>>> print(open('entry.pdb').read())   # PDB, C-alpha atoms, pLDDT in the B column
ATOM      1  CA  MET K 300       0.000   0.000   0.000  1.00 66.00           C
ATOM      2  CA  PRO K 301       1.482   3.369  -0.945  1.00 87.00           C
ATOM      3  CA  LYS K 302       2.372   5.749   1.855  1.00 93.00           C
ATOM      4  CA  PHE K 303      -0.350   8.243   0.850  1.00 93.00           C
ATOM      5  CA  ASP K 304      -3.063   5.583   1.022  1.00 95.00           C
ATOM      6  CA  GLN K 305      -1.716   4.370   4.334  1.00 96.00           C
ATOM      7  CA  ARG K 306      -1.897   7.889   5.811  1.00 95.00           C
ATOM      8  CA  VAL K 307      -5.463   8.299   4.535  1.00 96.00           C
ATOM      9  CA  GLU K 308      -6.521   4.994   6.106  1.00 96.00           C
ATOM     10  CA  GLU K 309      -4.832   5.838   9.423  1.00 96.00           C
ATOM     11  CA  LEU K 310      -6.541   9.235   9.600  1.00 96.00           C
ATOM     12  CA  LEU K 311      -9.908   7.686   8.725  1.00 97.00           C
ATOM     13  CA  ALA K 312      -9.466   5.128  11.494  1.00 97.00           C
ATOM     14  CA  LYS K 313      -8.540   7.829  13.988  1.00 97.00           C
ATOM     15  CA  HIS K 314     -11.358  10.196  12.944  1.00 96.00           C
ATOM     16  CA  PRO K 315     -14.313   8.147  11.674  1.00 95.00           C
ATOM     17  CA  SER K 316     -16.532  11.240  11.405  1.00 97.00           C
ATOM     18  CA  LEU K 317     -14.459  12.526   8.457  1.00 96.00           C
ATOM     19  CA  THR K 318     -15.218  11.476   4.906  1.00 97.00           C
ATOM     20  CA  LYS K 319     -12.542   9.977   2.689  1.00 96.00           C
ATOM     21  CA  GLU K 320     -12.600  13.120   0.491  1.00 97.00           C
ATOM     22  CA  GLU K 321     -11.973  15.344   3.520  1.00 97.00           C
ATOM     23  CA  VAL K 322      -9.086  13.168   4.667  1.00 97.00           C
ATOM     24  CA  ILE K 323      -7.516  13.163   1.182  1.00 96.00           C
ATOM     25  CA  LYS K 324      -7.739  16.972   1.141  1.00 97.00           C
ATOM     26  CA  ILE K 325      -6.088  17.203   4.575  1.00 96.00           C
ATOM     27  CA  VAL K 326      -3.237  14.861   3.635  1.00 96.00           C
ATOM     28  CA  THR K 327      -2.681  16.613   0.291  1.00 97.00           C
ATOM     29  CA  GLU K 328      -2.556  20.055   1.920  1.00 97.00           C
ATOM     30  CA  LYS K 329      -0.111  18.800   4.533  1.00 96.00           C
ATOM     31  CA  ASN K 330       2.130  17.355   1.817  1.00 95.00           C
ATOM     32  CA  GLU K 331       2.096  20.703  -0.015  1.00 97.00           C
ATOM     33  CA  ARG K 332       3.064  22.577   3.166  1.00 97.00           C
ATOM     34  CA  LYS K 333       5.902  20.130   3.797  1.00 96.00           C
ATOM     35  CA  LYS K 334       7.185  20.513   0.209  1.00 96.00           C
ATOM     36  CA  LYS K 335       7.105  24.297   0.519  1.00 97.00           C
ATOM     37  CA  LYS K 336       8.943  24.218   3.835  1.00 96.00           C
ATOM     38  CA  ARG K 337      11.627  21.897   2.428  1.00 95.00           C
ATOM     39  CA  ALA K 338      12.088  24.159  -0.600  1.00 95.00           C
ATOM     40  CA  GLU K 339      12.454  27.234   1.620  1.00 94.00           C
ATOM     41  CA  LYS K 340      14.970  25.434   3.828  1.00 93.00           C
ATOM     42  CA  LYS K 341      16.925  24.343   0.760  1.00 91.00           C
ATOM     43  CA  ASP K 342      16.982  27.907  -0.604  1.00 90.00           C
ATOM     44  CA  ARG K 343      18.226  29.266   2.736  1.00 89.00           C
ATOM     45  CA  SER K 344      21.048  26.731   2.874  1.00 89.00           C
ATOM     46  CA  ARG K 345      22.095  27.618  -0.690  1.00 85.00           C
ATOM     47  CA  SER K 346      22.319  31.353   0.088  1.00 79.00           C
ATOM     48  CA  ASN K 347      24.694  30.821   3.021  1.00 67.00           C
TER      49      ASN K 347
END
>>> encode(input="entry.pdb", output="structure tokens")
Amino acid sequence: MPKFDQRVEELLAKHPSLTKEEVIKIVTEKNERKKKKRAEKKDRSRSN
């Protein structure tokens, strides 16, 4: 099972009141924030 699917299933199990679409949105948004943060960190380390 891919990591994304695993995270979706874990979040659904933890919060059964959420729909699968809501959980997918949450996981996707979190991934985007993490990518942005990594890119910013990488840019800072290049400028030093």
>>> resolve_selection(input="entry.pdb", expression="the PyMOL selection byres ((chain K and resi 317-326) around 9)", output="number ranges by chain")
K: 303-304, 306-308, 310-311, 314-316, 327-331
>>> axis_aligned_box(input="entry.pdb", around="segment 323-338 of chain K", padding_each_side="5 Å", output="AutoDock Vina command-line options")
--center_x 2.2 --center_y 18.7 --center_z 2.0 --size_x 29.8 --size_y 21.1 --size_z 15.2
>>> atom_distance(input="entry.pdb", atom1="atom CA of Lys340 of chain K", atom2="atom CA of Lys302 of chain K")
23.5 Å
>>> decode(input="entry.pdb", residues="chain K", atoms="C-alpha atoms", output="PDB file, in the first residue's frame")
ATOM      1  CA  MET K 300       0.000   0.000   0.000  1.00  0.00           C
ATOM      2  CA  PRO K 301       1.482   3.369  -0.945  1.00  0.00           C
ATOM      3  CA  LYS K 302       2.372   5.749   1.855  1.00  0.00           C
ATOM      4  CA  PHE K 303      -0.350   8.243   0.850  1.00  0.00           C
ATOM      5  CA  ASP K 304      -3.063   5.583   1.022  1.00  0.00           C
ATOM      6  CA  GLN K 305      -1.716   4.370   4.334  1.00  0.00           C
ATOM      7  CA  ARG K 306      -1.897   7.889   5.811  1.00  0.00           C
ATOM      8  CA  VAL K 307      -5.463   8.299   4.535  1.00  0.00           C
ATOM      9  CA  GLU K 308      -6.521   4.994   6.106  1.00  0.00           C
ATOM     10  CA  GLU K 309      -4.832   5.838   9.423  1.00  0.00           C
ATOM     11  CA  LEU K 310      -6.541   9.235   9.600  1.00  0.00           C
ATOM     12  CA  LEU K 311      -9.908   7.686   8.725  1.00  0.00           C
ATOM     13  CA  ALA K 312      -9.466   5.128  11.494  1.00  0.00           C
ATOM     14  CA  LYS K 313      -8.540   7.829  13.988  1.00  0.00           C
ATOM     15  CA  HIS K 314     -11.358  10.196  12.944  1.00  0.00           C
ATOM     16  CA  PRO K 315     -14.313   8.147  11.674  1.00  0.00           C
ATOM     17  CA  SER K 316     -16.532  11.240  11.405  1.00  0.00           C
ATOM     18  CA  LEU K 317     -14.459  12.526   8.457  1.00  0.00           C
ATOM     19  CA  THR K 318     -15.218  11.476   4.906  1.00  0.00           C
ATOM     20  CA  LYS K 319     -12.542   9.977   2.689  1.00  0.00           C
ATOM     21  CA  GLU K 320     -12.600  13.120   0.491  1.00  0.00           C
ATOM     22  CA  GLU K 321     -11.973  15.344   3.520  1.00  0.00           C
ATOM     23  CA  VAL K 322      -9.086  13.168   4.667  1.00  0.00           C
ATOM     24  CA  ILE K 323      -7.516  13.163   1.182  1.00  0.00           C
ATOM     25  CA  LYS K 324      -7.739  16.972   1.141  1.00  0.00           C
ATOM     26  CA  ILE K 325      -6.088  17.203   4.575  1.00  0.00           C
ATOM     27  CA  VAL K 326      -3.237  14.861   3.635  1.00  0.00           C
ATOM     28  CA  THR K 327      -2.681  16.613   0.291  1.00  0.00           C
ATOM     29  CA  GLU K 328      -2.556  20.055   1.920  1.00  0.00           C
ATOM     30  CA  LYS K 329      -0.111  18.800   4.533  1.00  0.00           C
ATOM     31  CA  ASN K 330       2.130  17.355   1.817  1.00  0.00           C
ATOM     32  CA  GLU K 331       2.096  20.703  -0.015  1.00  0.00           C
ATOM     33  CA  ARG K 332       3.064  22.577   3.166  1.00  0.00           C
ATOM     34  CA  LYS K 333       5.902  20.130   3.797  1.00  0.00           C
ATOM     35  CA  LYS K 334       7.185  20.513   0.209  1.00  0.00           C
ATOM     36  CA  LYS K 335       7.105  24.297   0.519  1.00  0.00           C
ATOM     37  CA  LYS K 336       8.943  24.218   3.835  1.00  0.00           C
ATOM     38  CA  ARG K 337      11.627  21.897   2.428  1.00  0.00           C
ATOM     39  CA  ALA K 338      12.088  24.159  -0.600  1.00  0.00           C
ATOM     40  CA  GLU K 339      12.454  27.234   1.620  1.00  0.00           C
ATOM     41  CA  LYS K 340      14.970  25.434   3.828  1.00  0.00           C
ATOM     42  CA  LYS K 341      16.925  24.343   0.760  1.00  0.00           C
ATOM     43  CA  ASP K 342      16.982  27.907  -0.604  1.00  0.00           C
ATOM     44  CA  ARG K 343      18.226  29.266   2.736  1.00  0.00           C
ATOM     45  CA  SER K 344      21.048  26.731   2.874  1.00  0.00           C
ATOM     46  CA  ARG K 345      22.095  27.618  -0.690  1.00  0.00           C
ATOM     47  CA  SER K 346      22.319  31.353   0.088  1.00  0.00           C
ATOM     48  CA  ASN K 347      24.694  30.821   3.021  1.00  0.00           C
TER      49      ASN K 347
END
